[in-house]
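Worksheet: one structure, shown below.
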Amino acid sequence: MLNKLKWIWEYYKRYPYVLAVLLILTPVQAAIQVTVPRIIEFAIDFAKTGKLPEHRAAEIISGFGQSLGISLEAAFTIAWIGVGLISFILYTYVQSHRAWMNLKLEWLFRQDAFKGITAKGPDFFNRFRTGDLLTRLTDDVAEKLSWFACSGIFRFYEAMLMVVFTITMMTMIDPILTLWTAGPLPILIIVFFKSATILDKRYDRLQSNISGFNNLMEACFSGIRVVKAYVREKAQKGKFNTAARNRRTAEISAVKATIFVDSLYFYIWQFGIIIALMAGGYKVINADLSLGELMAFIFYVIYLVFPMFDIGQFLVKSRQSAVSINRLLELENVPPMIASQGDGNGKPIEGNLSFENVDFEFQGSERKIVDNIHFDAKRGQTIALVGKIGSGKSWLVNMIPRLVDPTGGIIKLGGRGLKEYSLEDLRNSVGYVPQEPVLFSDTVENNIRFGRDDIDAQTIDWAIEVSQLKNEIDGFPEGLDTKIGVRGMSISGGQKQRLALARALVGKPRILILDDCTSALDSTTESALWDALHEVLPGIMAIIITHRPDTLERADNIIVLEDGRIVETGNHDELMNNGGRYAKIYRRYKLEETVK
Amino acid sequence: MSTELFDDEVFEKEQDAISAKKAFGMLIPFLKKHKARLIFSLLLMIISIGLTIYWPILVKKAIDIDIGNGDYGGLLTTVLIIGLIQAVSLILLYIQRVKLEIIGQDVMLELKTRLFSHVLSLNISYFDTNPVGRLMARVESDTESLRMLFTNTVVMLIGDVVMVLGVFGVMFYHSWRLTLILLPIFPSIFVLLYIFEKKTTPRFLEVRKKVADLTGVIAEFISGISIIQIFNRESWATKKVDNANRIKFDHDVYVNIAVVLFFNIILFSQHLMIGMVIYFGMLWIKAGTVTVGTFGMFILLIWKSYEPIYRSTEQFSVIQKAIAGTRRIFALMDNKQIIPEPSKPVRWRELNDRIKFEKVWFSYTDDDNYVLKDISFEIPRGKRIALAGVTGGGKSTIISLILRLYDPQKGRITVDGIDIRDIHTAELRERFALVLQDIFLFPGDVRSNVSLESKHITEEKIIEAAKTVDAHKFISRLPKGYETEISEKGANFSRGERQLLSFARAMAVDPDILILDEATSSVDPETERTIQESLGKLMDGRTSLIIAHRLSTILDSDEILVIRRGEIIERGSHIDLLLKDGYYARLFHLQFKNKNGMVSNVK
């Protein structure tokens with residue numbers, strides 16, 4: 001628990017003013033708040049007896065009234081309203097700061113978590129799915145954590161202060177009566193805690209009923225073809241009905257418990273008044289206590305009850321938010337797969353690329369995904385990678401921009417190991433077009449520019465032209481400013497791929513990686529693309545995963561992969577003459593083209 | 001979840017399909033059944049509210065009479081009665097709330113069941129255009145918001161009005177003068193409440209939108225993380241998220257502080273009211289027109305009357321959500337996208353002669369975008385017809401049309417000369433069994449996945465079917481046999497096992513006609529052999545239509561239809577087609593020939 005508080009403290013440190021407001025004004029407000037019942041007491045006693053109560057505060061109020069030349073009644077009322085007003089202002093101020101801090105913390109927690117996530121490697125994203133991460137960054141942070149981190153803690157603080165101040169005030173009136181009325185209150189905390197546990201259990205059961213119900217629905221709707229083809233609508237309805245009924249039962253049982261607990265609190269709340277009346281009334285009858293003091297006591301009892309809820313709630317919520325903190329720490333604790341160690345000079349890196357006995361495997365896995373790969377690629381060359389799904393092609397190219405690092409061997413660029421460069425310089429030198437184009441819900445231009453503000457309009461035009469997008473973009477209603485929708489929904493698959501290509505080209509890369517994305521271009525436009533590219537970037541090296549026979553024929557070197565290993569290498573003619581695996585694959589690709 | 005995030009616009013469109021008035025009109029019949037219980041519940045509530053208002057009166061009695069007369073016995077009695085009344089009122093309130101909850105749950109149960117069976121009756125194109133998440137939201141969250149409206153809002157609102165009126169009645173009875181002084185404050189609170197709602201509701205909606213935007217940005221960046229990393233855009237992405245975070249923060253802070261301010265103003269107005277009571281109370285106590293007990297009672301009653309005000313702010317959004325939800329629910333109920341059943345269905349018990357496609361044209365989008373063009377062929381009883389071609393050619397569509405999951409725009413499909421549109425869809429489909437590429441497994445155990453919960457499929461039939469297709473062996477080896485639970489997406493079964501399960505499922509219904517979409521993915525030779533043998537047994541003596549991916553299937557077919565871009569471009573036996581050396585010959589080399597050396601196994 002202590003390390004969790006320390007974790008929260010790190011954030012508070014940045015906001016000393018807010019912290020000071022909360023720490024100092026909360027007790028001030030509470031202290032003013034607890035004087036309120038005494039004004040009622042004085043007012044009643046004065047009205048009843050016609051004598052000013054023997055208390056300094058009462059004397060001050062009457063003195064203040066006399067100096068203004070108003071009646072005592074008016075003076076008490078003004079005092080009442082005045083105290084209320086100060087309390088109102090202070091409390092609004094404190095609560096606003098609490099609200100502000102809740103939201104600020106939510107922002108910071110989320111921001112830091114997201115920042116951490118951007119540095120993680122593929123192992124992290126294999127372990128935590130997008131939906132899961134999203135839940136942690138939204139629900140956990142917003143619902144469970146940030147409210148607790150400020151309001152939860154400071155409401156607890158406020159509650160404790162209120163209890164202490166109220167009991168002090170009560171004791172000043174009558175210590176014995178205080179013992180009578182405040183004595184049973186700690187039971188409330190126990191009741192709260194116990195009932196929260198019971199409620200938790202019932203809601204857990206309800207939750208599992210709800211997910212069962214949802215799973216059933218999801219399966220039925222997703223498998224609707226099977227349901228319809230096998231004419232099983234009736235059976236599905238039957239199952240649905242049972243699940244819905246079970247859920248109804250769980251729902252009612254949970255609600256019953258909630259209502260019961262609600263009623264119980266309410267009863268206890270009013271029970272305090274009953275005790276005060278009983279014990280206080282006895283004293284009033286015996287003239288040990290004034291009627292005004294009895295009224296003040298009733299007020300104080302009410303003052304004591306509500307903090308009990310806050311204290312109980314603090315205990316419950318602190319458990320929940322500790323879980324949420326752990327869920328965030330769990331993310332933090334996965335180290336990034338790669339670290340930027342080398343020095344950068346902001347210049348693009350050029351030179352020959354060589355793989356020297358490169359291996360790659362995931363930790364704890366016995367199978368090598370990339371196994372002892374050895375090849376050289378010179379400036380200006382085009383290298384084609386060929387192989388089945390799962391042969392390791394994508395992992396091989398992922399190592400060039402250091403999305404993952406080899407677990408064995410070394411990759412060199414311009415004679416130096418990749419790790420000797422700064423990650424930023426290296427990645428700025430690489431252009432990458434993924435198999436599935438990943439686009440963002442923004443405009444065409446912003447997707448190409450991708451936040452690189454130093455790129456001028458000319459370069460963007462050039463990239464659009466080279467990637468054969470010019471005519472289509474001109475045809476869009478708003479040209480470059482056309483929004484492409486979530487994940488690029490509003491444009492065609494081919495357009496998406498070419499947009500991803502333009503995005504890669506616009507950074508004028510030295511190494512261009514194309515992961516099986518040539519289906520976006522027909523073969524004539526593809527050769528036009530290469531010509532245009534070599535004109536501007538003569539030394540550009542291309543590493544291409546491809547199915548297209550034309551591209552393979554043009555490549556300087558073809559690497560055939562199987563189970564992570566190189567099985568053949570050479571240019572098209574050589575490999576065809578060999579009549580080995582490549583020749584077979586090539587004929588297959590060729591055939592594939594004809595049957596489409 | 002992520003599809004839901006971007007669904008706001010769709011939501012709005014959907015609810016526009018129906019007016020709020022019509023939607024609530026459709027809702028009323030669901031409530032009518034529970035009229036008696038609803039009235040009973042309301043009655044209970046009014047009694048219990050009456051009792052809660054009554055106890056401050058007793059407090060007054062305790063102060064004025066019992067304590068005033070020094071009668072401790074009287075005080076004890078009064079306090080006991082207060083405790084008792086409290087208890088009774090809470091018990092009544094408990095019963096009332098539970099009763100109401102049960103009514104709400106019953107209404108929702110009926111609504112959900114009706115909604116679910118309605119969705120099931122919709123045709124497949126509805127499912128093509130509506131993501132599962134959205135359909136679930138209709139049945140799940142929309143009915144839920146409607147229930148909230150009932151069990152909390154509407155009834156509580158009635159209760160609150162009763163309570164406020166009651167409180168004023170009691171106050172007025174005991175001191176009309178003091179009541180008259182307090183009276184003006186109340187309406188001004190309601191005016192304040194109204195203004196607050198008006199001003200903040202759009203702001204609350206705005207916050208909701210900003211939260212959705214923020215979540216959207218984060219979701220996009222996380223799913224595109226590798227691209228962001230490769231392009232060195234981490235700090236840019238972080239800044240974008242920060243920006244979305246800030247916008248959300250700005251909006252959220254505004255409404256949060258507005259709420260804080262509002263509540264404190266309300267709190268202060270309560271304080272002011274008590275201030276009034278203090279001032280005039282003091283004067284009138286001195287004059288003897290008002291007692292100290294009345295004074296105390298007033299303060300307690302003021303407290304009570306504020307309870308509904310504190311509650312009211314939450315209620316407003318519940319009402320809005322429920323109205324939108326109701327409209328969406330009944331817009332869906334109103335959707336008549338169903339495959340029309342024949343008014344005078346022709347009986348069709350079994351396949352005697354043949355299935356025929358007669359010049360069938362079909363488009364998913366109901367326009368000229370035909371995915372099937374002028375398709376004609378027949379499947380004579382007991383024959384095996386194979387469909388070959390590349391993906392997207394229209395093979396799967398043919399299967400869907402036979403099962404009447406869609407109706408063609410032109411042409412017709414007949415069984416034994418009867419147009420399938422003249423047969424009851426259930427009767428038609430019952431004669432077929434569909435085996436898909438990868439079996440769709442439902443949550444539940446092996447048994448229920450073979451029988452698909454049909455009552456006609458007995459335990460013996462299930463086991464017999466499993467034995468026939470050779471699935472019994474591996475099922476019996478499972479820790480719980482036929483009771484083994486299927487894990488998510490059937491991950492606890494191998495591909496081959498899943499395939500055998502799908503055969504067992506088809507076998508269990510003992511169909512006349514088998515429709516098979518063969519798996520494209522290869523399995524190890526051992527499994528392949530088992531599958532081949534099981535498939536042979538399944539197809540034995542049955543009419544079948546197969547999307548073929550296996551060499552053996554192709555070789556054993558009576559006729560092969562080669563489909564390309566929605567047309568049958570070649571047809572005939574395997575040998576004839578090979579000899580023709582056309583499209584099929586190329587396809588054959590590509591798809592079948594080099595695959596897992598099955599030739600030797602078959603021949």
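Every chain in the structure tokens takes a letter, A first, then B, and so on in the order presented; its residues are numbered from 1, and the ligands are numbered from 1 following the presented order.
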
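Using only C-alpha atoms, one finds that the residues of chain A close to chain B, at 6 Å or less, are Ala47, Glu73, Thr77, Ser96, Trp107, Lys115, Thr118, Ala219, Ala229, Val231, Ala235, Ile285, Arg427 and Val438 of chain A.
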
Would you save the residues from that selection as a PDB file, in the first residue's frame, using C-alpha atoms?
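Writing done, so here's part_31.pdb:
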```pdb
ATOM      1  CA  ALA A  47     -35.588  32.307  22.236  1.00  0.00           C
ATOM      2  CA  GLU A  73     -32.452  37.562  16.386  1.00  0.00           C
ATOM      3  CA  THR A  77     -29.331  34.926  11.666  1.00  0.00           C
ATOM      4  CA  SER A  96     -13.283  22.418  -7.274  1.00  0.00           C
ATOM      5  CA  TRP A 107      -4.730  12.976 -17.745  1.00  0.00           C
ATOM      6  CA  LYS A 115       4.134   7.231 -23.441  1.00  0.00           C
ATOM      7  CA  THR A 118       4.966   3.676 -27.370  1.00  0.00           C
ATOM      8  CA  ALA A 219     -21.869 -16.508 -30.448  1.00  0.00           C
ATOM      9  CA  ALA A 229     -28.708 -23.255 -41.975  1.00  0.00           C
ATOM     10  CA  VAL A 231     -32.751 -24.271 -38.404  1.00  0.00           C
ATOM     11  CA  ALA A 235     -32.909 -23.814 -29.592  1.00  0.00           C
ATOM     12  CA  ILE A 285     -35.861  16.853  31.753  1.00  0.00           C
ATOM     13  CA  ARG A 427      14.578   4.791 -38.467  1.00  0.00           C
ATOM     14  CA  VAL A 438      -2.101   1.194 -41.135  1.00  0.00           C
TER      15      VAL A 438
END
```

* Could you give me the residues within region 272-458 of chain B that DSSP places in alpha helix (DSSP H), as an NGL selection string? => :B and (272-287 or 292-333 or 395-402 or 425-430 or 446-451)

Neighbouring residues of region 468-477 of chain A were defined as those with any atom within 8 Å, considering only C-alpha atoms; residues of the same chain fewer than 2 positions away were excluded. Please report them as a VMD selection string.
chain A and resid 461 464 to 466 479 to 480 482 495 498 to 499 525 529

Keeping only N, CA and C atoms, write the selected residues as a tab-separated table (two decimals), in the first residue's frame.
```
chain	number	residue	atom	x	y	z
A	461	ASP	N	3.96	16.42	-52.93
A	461	ASP	CA	3.48	16.27	-54.31
A	461	ASP	C	4.25	15.19	-55.04
A	464	ILE	N	3.31	11.77	-53.88
A	464	ILE	CA	1.98	11.38	-54.38
A	464	ILE	C	2.08	10.94	-55.82
A	465	GLU	N	2.90	11.67	-56.56
A	465	GLU	CA	3.04	11.34	-57.97
A	465	GLU	C	3.73	9.99	-58.15
A	466	VAL	N	4.80	9.81	-57.42
A	466	VAL	CA	5.55	8.56	-57.55
A	466	VAL	C	4.68	7.36	-57.15
A	479	GLY	N	-9.52	17.12	-52.14
A	479	GLY	CA	-8.11	16.91	-52.46
A	479	GLY	C	-7.34	16.34	-51.30
A	480	LEU	N	-6.22	16.98	-51.00
A	480	LEU	CA	-5.35	16.50	-49.92
A	480	LEU	C	-6.01	16.61	-48.55
A	482	THR	N	-9.01	15.79	-47.83
A	482	THR	CA	-10.10	14.83	-47.66
A	482	THR	C	-9.80	13.93	-46.47
A	495	GLN	N	-5.85	2.14	-52.73
A	495	GLN	CA	-5.52	3.53	-52.39
A	495	GLN	C	-4.83	3.60	-51.03
A	498	ARG	N	-1.22	2.60	-51.47
A	498	ARG	CA	-0.40	3.61	-52.12
A	498	ARG	C	-0.19	4.83	-51.22
A	499	LEU	N	-1.19	5.09	-50.38
A	499	LEU	CA	-1.04	6.17	-49.40
A	499	LEU	C	0.08	5.82	-48.41
A	525	THR	N	2.88	0.43	-63.75
A	525	THR	CA	3.06	1.56	-62.83
A	525	THR	C	4.17	1.25	-61.83
A	529	LEU	N	7.29	3.54	-61.05
A	529	LEU	CA	7.61	3.92	-59.68
A	529	LEU	C	9.11	3.79	-59.42
```

Which residues, written as a PyMOL selection string, have at least one atom at most 10 Å from Leu396 (chain A), with only C-alpha atoms counted and residues fewer than 2 positions away on the same chain left out?
chain A and resi 355+358-360+369-371+373+385+391-394+398-400+404-406+564

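For region 88-91 of chain A, the non-local neighbours within 7 Å, defined as residues at least 3 positions apart in the same chain or in other chains and counting only C-alpha atoms, are Gln29, Gly84, Leu85, Val94 and Gln95 of chain A; Asn264 and Phe268 of chain B.
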
Separating CA of Ile375 (chain B) from CA of Val360 (chain B), to the nearest tenth of an Å, is a gap of 4.8 Å

Neighbouring residues of Pro27 (chain A) were defined as those with any atom within 10 Å, considering only C-alpha atoms; residues of the same chain fewer than 2 positions away were excluded. Please report them as number ranges by chain. A: 22-25, 29-33, 157-162, 165

One residue among B:Asp416, B:Glu567, B:Asp334, B:Glu460 is nearest to Lys356 (chain B) when using only C-alpha atoms, and that residue is B:Asp416

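When CA of Glu251 (chain A) is paired with CA of Ser141 (chain B), their separation reads 14.3 Å.
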
Grab the CA of Ile247 (chain B) to CA of Lys210 (chain B) distance for me, in Å with one decimal place.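 If I compute the distance from CA of Ile247 (chain B) to CA of Lys210 (chain B), I get 7.1 Å.
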
Within 8 Å of region 167-169 of chain A using only C-alpha atoms, minus same-chain residues under 3 positions, as an MDAnalysis selection string: chainID A and resid 34 163:164 172:173 178 182
